[in-house]
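Q: Input protein25.pdb, format and content: PDB, C-alpha atoms.
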ATOM      1  CA  MET A   1     -43.992  48.154 -78.863
ATOM      2  CA  ILE A   2     -44.869  46.527 -82.213
ATOM      3  CA  GLU A   3     -42.851  43.429 -83.050
ATOM      4  CA  TYR A   4     -43.083  40.924 -85.888
ATOM      5  CA  LYS A   5     -40.961  37.854 -86.577
ATOM      6  CA  SER A   6     -40.038  39.201 -90.000
ATOM      7  CA  ASP A   7     -40.830  41.977 -92.457
ATOM      8  CA  VAL A   8     -42.877  39.456 -94.460
ATOM      9  CA  GLU A   9     -45.148  38.948 -91.442
ATOM     10  CA  ALA A  10     -45.307  42.726 -90.961
ATOM     11  CA  VAL A  11     -46.331  43.178 -94.612
ATOM     12  CA  GLN A  12     -49.145  40.662 -94.141
ATOM     13  CA  ALA A  13     -50.351  42.495 -91.018
ATOM     14  CA  PHE A  14     -50.203  45.815 -92.879
ATOM     15  CA  THR A  15     -52.296  44.391 -95.730
ATOM     16  CA  GLN A  16     -54.920  43.204 -93.234
ATOM     17  CA  LYS A  17     -55.029  46.611 -91.531
ATOM     18  CA  TYR A  18     -55.440  48.282 -94.902
ATOM     19  CA  ALA A  19     -58.402  46.014 -95.734
ATOM     20  CA  GLN A  20     -59.996  46.922 -92.393
ATOM     21  CA  LEU A  21     -59.448  50.627 -93.112
ATOM     22  CA  ARG A  22     -61.095  50.335 -96.530
ATOM     23  CA  GLN A  23     -64.036  48.478 -95.004
ATOM     24  CA  GLU A  24     -64.545  51.027 -92.220
ATOM     25  CA  VAL A  25     -64.309  54.078 -94.483
ATOM     26  CA  ALA A  26     -66.703  52.444 -96.982
ATOM     27  CA  LYS A  27     -69.408  52.573 -94.295
ATOM     28  CA  VAL A  28     -69.409  56.356 -94.722
ATOM     29  CA  ILE A  29     -68.036  56.984 -98.232
ATOM     30  CA  VAL A  30     -69.908  55.281-101.072
ATOM     31  CA  GLY A  31     -67.700  54.386-104.045
ATOM     32  CA  GLN A  32     -64.451  56.307-104.730
ATOM     33  CA  ASP A  33     -62.474  53.109-103.979
ATOM     34  CA  GLU A  34     -59.485  54.086-106.119
ATOM     35  CA  VAL A  35     -59.357  57.603-104.645
ATOM     36  CA  LEU A  36     -59.420  56.162-101.131
ATOM     37  CA  LYS A  37     -56.701  53.653-101.974
ATOM     38  CA  ASN A  38     -54.460  56.351-103.450
ATOM     39  CA  ILE A  39     -54.920  58.689-100.473
ATOM     40  CA  LEU A  40     -53.948  55.879 -98.086
ATOM     41  CA  ILE A  41     -50.913  55.037-100.256
ATOM     42  CA  THR A  42     -49.797  58.656 -99.921
ATOM     43  CA  ILE A  43     -50.279  58.728 -96.151
ATOM     44  CA  PHE A  44     -48.254  55.567 -95.580
ATOM     45  CA  SER A  45     -45.617  56.822 -98.039
ATOM     46  CA  ARG A  46     -45.238  60.110 -96.093
ATOM     47  CA  GLY A  47     -46.450  62.181 -99.043
ATOM     48  CA  HIS A  48     -49.060  64.844 -99.792
ATOM     49  CA  VAL A  49     -52.017  64.860-102.188
ATOM     50  CA  LEU A  50     -53.515  67.399-104.567
ATOM     51  CA  LEU A  51     -57.159  66.438-105.135
ATOM     52  CA  ILE A  52     -58.925  67.845-108.207
ATOM     53  CA  GLY A  53     -62.709  67.653-108.179
ATOM     54  CA  VAL A  54     -65.888  69.672-108.483
ATOM     55  CA  PRO A  55     -67.757  70.695-105.302
ATOM     56  CA  GLY A  56     -70.089  68.205-103.664
ATOM     57  CA  LEU A  57     -68.057  65.012-104.145
ATOM     58  CA  ALA A  58     -67.475  64.490-100.386
ATOM     59  CA  LYS A  59     -63.803  65.489-100.386
ATOM     60  CA  THR A  60     -64.010  66.947 -96.873
ATOM     61  CA  LEU A  61     -66.073  64.024 -95.567
ATOM     62  CA  MET A  62     -63.592  61.559 -97.031
ATOM     63  CA  VAL A  63     -60.630  63.230 -95.307
ATOM     64  CA  THR A  64     -62.336  63.502 -91.909
ATOM     65  CA  THR A  65     -63.513  59.887 -92.153
ATOM     66  CA  ILE A  66     -60.005  58.661 -92.974
ATOM     67  CA  ALA A  67     -58.622  60.720 -90.066
ATOM     68  CA  LYS A  68     -61.065  59.109 -87.623
ATOM     69  CA  ALA A  69     -60.312  55.591 -88.892
ATOM     70  CA  LEU A  70     -56.575  56.300 -88.517
ATOM     71  CA  GLY A  71     -57.007  57.934 -85.106
ATOM     72  CA  LEU A  72     -55.313  61.133 -86.298
ATOM     73  CA  SER A  73     -56.091  64.792 -85.652
ATOM     74  CA  CYS A  74     -57.501  66.702 -88.618
ATOM     75  CA  ASN A  75     -57.895  70.429 -89.353
ATOM     76  CA  ARG A  76     -59.650  72.005 -92.322
ATOM     77  CA  ILE A  77     -58.421  75.359 -93.655
ATOM     78  CA  GLN A  78     -60.639  77.214 -96.136
ATOM     79  CA  PHE A  79     -58.284  79.119 -98.424
ATOM     80  CA  THR A  80     -59.518  82.585 -99.373
ATOM     81  CA  PRO A  81     -57.873  85.640-101.030
ATOM     82  CA  ASP A  82     -57.467  87.409 -97.648
ATOM     83  CA  LEU A  83     -55.869  84.436 -95.836
ATOM     84  CA  MET A  84     -52.470  85.291 -94.339
ATOM     85  CA  PRO A  85     -49.541  82.929 -93.578
ATOM     86  CA  SER A  86     -50.058  83.517 -89.827
ATOM     87  CA  ASP A  87     -53.637  82.228 -90.200
ATOM     88  CA  ILE A  88     -52.126  78.869 -91.123
ATOM     89  CA  MET A  89     -48.843  78.688 -89.240
ATOM     90  CA  GLY A  90     -49.672  80.579 -86.055
ATOM     91  CA  THR A  91     -48.455  83.817 -84.550
ATOM     92  CA  GLU A  92     -46.537  85.345 -81.658
ATOM     93  CA  ILE A  93     -48.806  86.860 -78.992
ATOM     94  CA  LEU A  94     -48.069  88.921 -75.891
ATOM     95  CA  ASP A  95     -49.306  87.049 -72.805
ATOM     96  CA  GLU A  96     -50.431  88.465 -69.447
ATOM     97  CA  ASN A  97     -46.803  88.526 -68.224
ATOM     98  CA  ARG A  98     -45.760  90.630 -71.232
ATOM     99  CA  ASN A  99     -43.809  87.718 -72.692
ATOM    100  CA  PHE A 100     -44.127  86.599 -76.292
ATOM    101  CA  ARG A 101     -45.714  83.184 -76.702
ATOM    102  CA  PHE A 102     -46.227  81.214 -79.905
ATOM    103  CA  LEU A 103     -49.862  80.390 -80.594
ATOM    104  CA  LYS A 104     -49.994  77.389 -82.937
ATOM    105  CA  GLY A 105     -52.081  77.609 -86.099
ATOM    106  CA  PRO A 106     -54.259  74.920 -87.718
ATOM    107  CA  VAL A 107     -51.266  73.478 -89.607
ATOM    108  CA  PHE A 108     -50.273  71.772 -86.336
ATOM    109  CA  SER A 109     -52.330  68.666 -87.035
ATOM    110  CA  ASN A 110     -51.654  65.184 -88.372
ATOM    111  CA  ILE A 111     -53.911  65.774 -91.376
ATOM    112  CA  VAL A 112     -54.496  69.220 -92.899
ATOM    113  CA  LEU A 113     -57.232  69.710 -95.488
ATOM    114  CA  ALA A 114     -56.284  72.775 -97.528
ATOM    115  CA  ASP A 115     -59.592  73.500 -99.230
ATOM    116  CA  GLU A 116     -59.287  75.300-102.598
ATOM    117  CA  ILE A 117     -55.592  76.074-102.170
ATOM    118  CA  ASN A 118     -55.532  78.030-105.440
ATOM    119  CA  ARG A 119     -57.856  80.711-104.006
ATOM    120  CA  THR A 120     -55.161  82.261-101.816
ATOM    121  CA  PRO A 121     -52.197  84.422-102.956
ATOM    122  CA  PRO A 122     -48.726  82.881-103.556
ATOM    123  CA  LYS A 123     -47.339  84.220-100.250
ATOM    124  CA  THR A 124     -49.820  82.144 -98.248
ATOM    125  CA  GLN A 125     -49.506  79.149-100.586
ATOM    126  CA  SER A 126     -45.743  79.195-100.083
ATOM    127  CA  ALA A 127     -46.080  79.207 -96.297
ATOM    128  CA  LEU A 128     -48.013  75.930 -96.375
ATOM    129  CA  LEU A 129     -45.768  74.375 -98.991
ATOM    130  CA  GLU A 130     -42.691  75.187 -96.903
ATOM    131  CA  ALA A 131     -44.270  73.384 -93.976
ATOM    132  CA  MET A 132     -44.971  70.406 -96.264
ATOM    133  CA  GLN A 133     -41.328  70.194 -97.274
ATOM    134  CA  GLU A 134     -39.612  70.965 -93.978
ATOM    135  CA  ARG A 135     -42.331  69.510 -91.687
ATOM    136  CA  SER A 136     -41.673  72.382 -89.311
ATOM    137  CA  VAL A 137     -42.582  76.048 -88.789
ATOM    138  CA  SER A 138     -40.058  78.773 -87.949
ATOM    139  CA  MET A 139     -41.312  81.763 -85.987
ATOM    140  CA  ALA A 140     -39.151  84.477 -84.398
ATOM    141  CA  GLY A 141     -36.035  82.353 -84.866
ATOM    142  CA  VAL A 142     -37.531  79.292 -83.161
ATOM    143  CA  THR A 143     -38.313  76.091 -85.080
ATOM    144  CA  HIS A 144     -41.515  74.283 -84.131
ATOM    145  CA  ASN A 145     -41.800  70.705 -85.397
ATOM    146  CA  LEU A 146     -45.096  69.602 -86.897
ATOM    147  CA  PRO A 147     -46.793  66.400 -85.676
ATOM    148  CA  ASP A 148     -45.632  63.076 -87.060
ATOM    149  CA  PRO A 149     -47.197  61.829 -89.253
ATOM    150  CA  PHE A 150     -48.020  65.036 -91.136
ATOM    151  CA  PHE A 151     -50.113  64.910 -94.289
ATOM    152  CA  VAL A 152     -51.589  67.689 -96.447
ATOM    153  CA  LEU A 153     -54.541  67.113 -98.740
ATOM    154  CA  ALA A 154     -55.112  70.176-100.905
ATOM    155  CA  THR A 155     -58.202  70.520-103.096
ATOM    156  CA  GLN A 156     -58.794  72.496-106.277
ATOM    157  CA  ASN A 157     -61.994  73.176-108.201
ATOM    158  CA  PRO A 158     -61.265  72.491-111.904
ATOM    159  CA  ILE A 159     -64.261  74.502-113.157
ATOM    160  CA  GLU A 160     -64.338  77.933-111.533
ATOM    161  CA  GLN A 161     -60.962  79.569-112.193
ATOM    162  CA  GLU A 162     -61.892  83.256-111.839
ATOM    163  CA  GLY A 163     -60.035  84.924-108.976
ATOM    164  CA  THR A 164     -57.614  82.030-108.433
ATOM    165  CA  TYR A 165     -53.841  81.865-108.081
ATOM    166  CA  PRO A 166     -52.648  78.657-109.790
ATOM    167  CA  LEU A 167     -49.817  76.855-108.019
ATOM    168  CA  PRO A 168     -46.452  77.244-109.787
ATOM    169  CA  GLU A 169     -44.882  74.045-111.121
ATOM    170  CA  ALA A 170     -42.097  74.146-108.509
ATOM    171  CA  GLN A 171     -44.721  74.121-105.753
ATOM    172  CA  LEU A 172     -46.878  71.482-107.441
ATOM    173  CA  ASP A 173     -43.807  69.244-107.339
ATOM    174  CA  ARG A 174     -44.142  69.064-103.533
ATOM    175  CA  PHE A 175     -47.266  66.937-103.920
ATOM    176  CA  MET A 176     -46.677  63.219-104.302
ATOM    177  CA  PHE A 177     -49.976  62.476-106.076
ATOM    178  CA  ASN A 178     -52.423  64.445-108.199
ATOM    179  CA  ILE A 179     -55.759  62.625-107.912
ATOM    180  CA  TYR A 180     -58.794  63.317-110.098
ATOM    181  CA  LEU A 181     -62.099  62.844-108.281
ATOM    182  CA  ASP A 182     -64.876  61.932-110.704
ATOM    183  CA  TYR A 183     -68.666  61.811-110.396
ATOM    184  CA  PRO A 184     -70.129  58.656-108.825
ATOM    185  CA  SER A 185     -71.855  56.035-110.973
ATOM    186  CA  PHE A 186     -75.664  55.845-111.082
ATOM    187  CA  GLU A 187     -75.778  53.002-108.527
ATOM    188  CA  GLU A 188     -73.320  54.778-106.237
ATOM    189  CA  GLU A 189     -75.270  58.023-106.345
ATOM    190  CA  VAL A 190     -78.512  56.198-105.518
ATOM    191  CA  ASN A 191     -76.778  54.654-102.490
ATOM    192  CA  ILE A 192     -75.404  58.072-101.488
ATOM    193  CA  VAL A 193     -78.879  59.615-101.551
ATOM    194  CA  LYS A 194     -80.392  56.711 -99.597
ATOM    195  CA  SER A 195     -77.680  56.767 -96.919
ATOM    196  CA  THR A 196     -77.590  60.530 -96.359
ATOM    197  CA  ILE A 197     -81.250  61.577 -96.108
ATOM    198  CA  GLY A 198     -82.098  59.341 -93.158
ATOM    199  CA  GLY A 199     -80.593  61.665 -90.566
ATOM    200  CA  ASP A 200     -78.283  59.239 -88.745
ATOM    201  CA  VAL A 201     -74.643  59.433 -89.848
ATOM    202  CA  TYR A 202     -72.315  56.548 -89.076
ATOM    203  CA  THR A 203     -69.258  57.465 -86.989
ATOM    204  CA  PRO A 204     -66.233  55.462 -88.155
ATOM    205  CA  LYS A 205     -64.265  53.502 -85.571
ATOM    206  CA  GLN A 206     -60.514  53.776 -85.157
ATOM    207  CA  VAL A 207     -58.847  50.848 -86.929
ATOM    208  CA  ILE A 208     -55.159  51.639 -86.433
ATOM    209  CA  ASP A 209     -53.172  53.691 -83.933
ATOM    210  CA  LEU A 210     -50.375  56.221 -84.284
ATOM    211  CA  GLU A 211     -47.606  53.778 -83.362
ATOM    212  CA  GLU A 212     -48.739  51.334 -86.036
ATOM    213  CA  ILE A 213     -48.886  54.063 -88.712
ATOM    214  CA  LEU A 214     -45.311  55.158 -87.975
ATOM    215  CA  TYR A 215     -44.174  51.512 -87.922
ATOM    216  CA  TYR A 216     -45.730  50.757 -91.328
ATOM    217  CA  GLN A 217     -44.243  53.945 -92.794
ATOM    218  CA  LYS A 218     -40.777  52.733 -91.751
ATOM    219  CA  LEU A 219     -41.602  49.226 -92.994
ATOM    220  CA  LEU A 220     -42.260  50.589 -96.476
ATOM    221  CA  GLN A 221     -38.864  52.293 -96.447
ATOM    222  CA  ARG A 222     -37.267  48.850 -95.950
ATOM    223  CA  VAL A 223     -39.114  47.209 -98.845
ATOM    224  CA  PRO A 224     -36.439  46.011-101.325
ATOM    225  CA  VAL A 225     -36.509  47.235-104.944
ATOM    226  CA  ALA A 226     -34.900  45.398-107.861
ATOM    227  CA  GLU A 227     -32.370  47.231-110.022
ATOM    228  CA  ASN A 228     -34.525  46.936-113.161
ATOM    229  CA  VAL A 229     -37.407  48.665-111.348
ATOM    230  CA  TYR A 230     -35.146  51.574-110.336
ATOM    231  CA  ASN A 231     -33.940  51.837-113.940
ATOM    232  CA  TYR A 232     -37.476  51.756-115.328
ATOM    233  CA  ALA A 233     -38.682  54.542-113.013
ATOM    234  CA  VAL A 234     -35.735  56.800-113.846
ATOM    235  CA  ASN A 235     -36.009  56.120-117.592
ATOM    236  CA  LEU A 236     -39.742  56.835-117.450
ATOM    237  CA  SER A 237     -39.043  60.240-115.929
ATOM    238  CA  MET A 238     -36.201  60.993-118.362
ATOM    239  CA  ILE A 239     -38.249  60.367-121.523
ATOM    240  CA  THR A 240     -40.659  63.131-120.431
ATOM    241  CA  ARG A 241     -37.959  65.807-120.732
ATOM    242  CA  PRO A 242     -38.106  67.528-124.158
ATOM    243  CA  GLU A 243     -34.933  68.210-126.111
ATOM    244  CA  THR A 244     -32.839  65.786-124.040
ATOM    245  CA  PRO A 245     -31.009  62.663-125.345
ATOM    246  CA  LYS A 246     -33.675  60.218-124.055
ATOM    247  CA  ALA A 247     -36.707  62.363-124.850
ATOM    248  CA  HIS A 248     -39.778  60.567-126.199
ATOM    249  CA  ALA A 249     -41.204  61.898-129.477
ATOM    250  CA  TRP A 250     -44.368  63.000-127.684
ATOM    251  CA  ALA A 251     -42.274  64.918-125.149
ATOM    252  CA  ASN A 252     -40.548  66.855-127.938
ATOM    253  CA  ASN A 253     -43.836  67.499-129.746
ATOM    254  CA  TYR A 254     -46.226  68.255-126.899
ATOM    255  CA  LEU A 255     -44.352  69.190-123.714
ATOM    256  CA  ALA A 256     -42.756  72.454-122.635
ATOM    257  CA  TRP A 257     -41.281  70.879-119.511
ATOM    258  CA  GLY A 258     -40.762  67.346-118.221
ATOM    259  CA  ALA A 259     -40.718  65.637-114.841
ATOM    260  CA  GLY A 260     -37.765  66.179-112.489
ATOM    261  CA  PRO A 261     -35.877  63.763-110.204
ATOM    262  CA  ARG A 262     -38.600  63.980-107.536
ATOM    263  CA  SER A 263     -40.828  62.170-110.026
ATOM    264  CA  SER A 264     -38.431  59.195-110.068
ATOM    265  CA  GLN A 265     -38.281  59.177-106.268
ATOM    266  CA  ASN A 266     -42.054  59.226-105.877
ATOM    267  CA  LEU A 267     -42.583  56.550-108.522
ATOM    268  CA  ILE A 268     -40.464  54.150-106.458
ATOM    269  CA  ILE A 269     -41.894  55.163-103.066
ATOM    270  CA  ALA A 270     -45.502  54.850-104.280
ATOM    271  CA  ALA A 271     -44.770  51.605-106.153
ATOM    272  CA  LYS A 272     -43.483  50.089-102.900
ATOM    273  CA  CYS A 273     -46.756  50.800-101.093
ATOM    274  CA  HIS A 274     -48.844  49.733-104.090
ATOM    275  CA  ALA A 275     -46.971  46.429-104.205
ATOM    276  CA  VAL A 276     -47.371  45.754-100.473
ATOM    277  CA  LEU A 277     -51.096  46.507-100.593
ATOM    278  CA  SER A 278     -51.338  44.055-103.495
ATOM    279  CA  GLY A 279     -49.767  41.321-101.370
ATOM    280  CA  LYS A 280     -46.221  41.529-102.777
ATOM    281  CA  ILE A 281     -43.024  41.998-100.808
ATOM    282  CA  SER A 282     -41.260  43.953-103.557
ATOM    283  CA  PRO A 283     -42.524  46.219-106.375
ATOM    284  CA  ASP A 284     -42.251  45.348-110.039
ATOM    285  CA  ILE A 285     -42.603  47.456-113.186
ATOM    286  CA  GLU A 286     -46.393  47.002-113.170
ATOM    287  CA  ASP A 287     -46.540  48.697-109.755
ATOM    288  CA  VAL A 288     -44.595  51.661-111.144
ATOM    289  CA  LYS A 289     -46.996  51.885-114.095
ATOM    290  CA  ALA A 290     -49.990  51.761-111.726
ATOM    291  CA  VAL A 291     -48.943  55.011-110.008
ATOM    292  CA  THR A 292     -47.431  56.852-112.988
ATOM    293  CA  HIS A 293     -50.434  59.023-113.857
ATOM    294  CA  LEU A 294     -50.825  60.079-110.208
ATOM    295  CA  VAL A 295     -47.152  60.993-109.872
ATOM    296  CA  MET A 296     -46.602  62.656-113.252
ATOM    297  CA  ARG A 297     -49.760  64.498-114.290
ATOM    298  CA  HIS A 298     -48.852  67.628-112.265
ATOM    299  CA  ARG A 299     -45.126  67.455-113.058
ATOM    300  CA  ILE A 300     -45.194  67.761-116.839
ATOM    301  CA  VAL A 301     -46.299  70.904-118.675
ATOM    302  CA  LYS A 302     -48.016  70.908-122.068
ATOM    303  CA  ASN A 303     -46.953  73.310-124.825
ATOM    304  CA  TYR A 304     -49.171  75.350-127.152
ATOM    305  CA  ARG A 305     -49.266  72.580-129.758
ATOM    306  CA  ALA A 306     -50.774  70.123-127.272
ATOM    307  CA  GLU A 307     -53.348  72.747-126.250
ATOM    308  CA  ALA A 308     -54.223  73.479-129.886
ATOM    309  CA  GLU A 309     -54.656  69.777-130.696
ATOM    310  CA  ASN A 310     -56.640  69.200-127.476
ATOM    311  CA  ILE A 311     -54.260  66.506-126.239
ATOM    312  CA  THR A 312     -54.583  65.786-122.519
ATOM    313  CA  ILE A 313     -51.814  65.197-120.014
ATOM    314  CA  ASP A 314     -53.122  61.685-119.344
ATOM    315  CA  ALA A 315     -53.023  60.865-123.075
ATOM    316  CA  ILE A 316     -49.378  61.940-123.193
ATOM    317  CA  ILE A 317     -48.554  59.800-120.147
ATOM    318  CA  ASP A 318     -50.310  56.839-121.816
ATOM    319  CA  GLU A 319     -47.868  57.167-124.722
ATOM    320  CA  PHE A 320     -44.918  57.223-122.329
ATOM    321  CA  LEU A 321     -46.136  54.010-120.708
ATOM    322  CA  LYS A 322     -46.173  52.277-124.101
ATOM    323  CA  ALA A 323     -42.468  52.970-124.609
ATOM    324  CA  LYS A 324     -40.001  50.093-124.293
ATOM    325  CA  LEU A 325     -37.564  51.155-121.572
TER     326      LEU A 325
END
Represent the structure from my file as structure tokens, please.

A:
Amino acid sequence: MIEYKSDVEAVQAFTQKYAQLRQEVAKVIVGQDEVLKNILITIFSRGHVLLIGVPGLAKTLMVTTIAKALGLSCNRIQFTPDLMPSDIMGTEILDENRNFRFLKGPVFSNIVLADEINRTPPKTQSALLEAMQERSVSMAGVTHNLPDPFFVLATQNPIEQEGTYPLPEAQLDRFMFNIYLDYPSFEEEVNIVKSTIGGDVYTPKQVIDLEEILYYQKLLQRVPVAENVYNYAVNLSMITRPETPKAHAWANNYLAWGAGPRSSQNLIIAAKCHAVLSGKISPDIEDVKAVTHLVMRHRIVKNYRAEAENITIDAIIDEFLKAKL
């Protein structure tokens, strides 16, 4: 059983474990430090991630490497137009004794990589998103709990959109973070080429165990938050909502829809973890700002004017962050 003299000591231990995780994963994944940090923030905050990036940027390798370093089980599901909900959740089968038995699907894993989630129809998308929200699967009137911790990392290809089924905004809201994965720098790509053509691939060592992960998740829930930080997060979400009393001018001009209450919740939850990983024992407004793009970019919807003027979601969020709240 894990015991610390105080939560302050526990926070220090958590920060050290996080540094070890970063170091171990970096032996396999070159660069992408911010992406790695944000994925780990989501895992310890009990959230899910939508990862946007072109093919070939080591999304799958990153997830499997993180899973090994965390000592967690990991399943990859390739989403295709013919994928059915039972292919993800599992199905009832008739055994040799003519009794129905539930055969668990790949969703029964600590980490699920949903590759190209927008390539499967809404019925199958909804099945996974229900599991994300409820953290359980119901089959033939019986509820089967998913492993704890349970984390979904869904990927989307931002280039090839033919034959895809974009996630509705209500389903996008289930994801805590929307992370953009960019191309590596010149130096990083040189290192990638050098490290991958030699034949030997490093196998990451387990840095943390399941009990510690669950402990640190509960630790983050106990992190205190000042009243002004709560107010800032809620005000930041409220100014994104067009045609409301607190709406920002850019929200009225460029947004069709703003962020809901889940945005405020996730801003605080993510800010807590960001603060702890930065060596603080409580988040401040700067921690909220640090996670705002990740939390909001899939929760606000541009209107036709923003599309016509080629204004990006991130540019709109930048304007919100300049507001005095």

Q: Find the residue from A:Ile39, A:Ile269, A:Ile281, A:Val201 that sits nearest to A:Ala67; use all atoms listed in the file when measuring.

A: A:Ile39

Q: Skip A:Val49 itself and residues of its chain fewer than 6 positions away, then list as JSON, numbers by chain all residues within 10 Å of it, counting only C-alpha atoms.

A: {"A": [38, 39, 42, 43, 113, 151, 152, 153, 154, 155, 172, 174, 175, 176, 177, 178, 179, 294, 295]}

Q: Expand the PyMOL selection byres ((chain A and resi 5-12) around 12) into the explicit residue set it covers here, and present it as a ChimeraX atom specification.

A: /A:2-4,13-19,212,215-224,272-282

Q: With 10 Å as the threshold, what does the neighbourhood of (-50.2, 79.6, -97.0) contain in terms of residues, counting only C-alpha atoms? Coordinates are those of the file; answer as JSON, numbers by chain.

A: {"A": [77, 79, 83, 84, 85, 86, 87, 88, 89, 107, 114, 117, 120, 121, 122, 123, 124, 125, 126, 127, 128, 129, 130, 131]}

Q: Return the single residue from A:Ala271, A:Ile52, A:Leu167, A:Leu21 that is closest to A:Lys37, with distances computed using only C-alpha atoms.

A: A:Leu21

Q: Residues picked by the PyMOL selection byres ((chain A and resi 262) around 10) here, as a ChimeraX atom specification?

A: /A:173-176,234,237,259-261,263-267,295-296,299

Q: Using all atoms listed in the file for the distances, tell me which of A:Gly47, A:Pro204, A:Pro81, A:Pro55 is nearest to A:Gln133.

A: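 Ranked by minimum distance to A:Gln133, first place goes to A:Gly47.
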
Q: Around all listed atoms of stretch 318-325 of chain A, padded 5 Å per side, what centre and edge lengths does the axis-aligned box have in Å to one decimal, as JSON?

A:
{"center_x": -43.9, "center_y": 53.7, "center_z": -122.7, "size_x": 22.7, "size_y": 17.1, "size_z": 14.0}

Q: Applying the PyMOL selection byres ((chain A and resi 24) around 8) to the file I just gave you, which residues come out? Please list them as a list in words.

A: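 Residues picked by the PyMOL selection byres ((chain A and resi 24) around 8): Gln20, Leu21, Arg22, Gln23, Val25, Ala26, Lys27, Val28, Ala69, Pro204, Lys205 and Val207 of chain A.
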
Q: May I have the protein, DNA and RNA residues with an atom at most 8 Å from (-39.2, 70.5, -117.1), counting only C-alpha atoms in the file's coordinates, returned as a list in words?

A: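 Applying the cut-off with only C-alpha atoms, one gets Arg241, Pro242, Ala256, Trp257, Gly258, Ala259, Gly260, Arg299, Ile300 and Val301 of chain A.
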
Q: Report the distance between atom CA of A:Asn145 and atom CA of A:Phe44 in Å, rounded to one decimal place.

A: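 Between atom CA of A:Asn145 and atom CA of A:Phe44 the gap works out to 19.4 Å.
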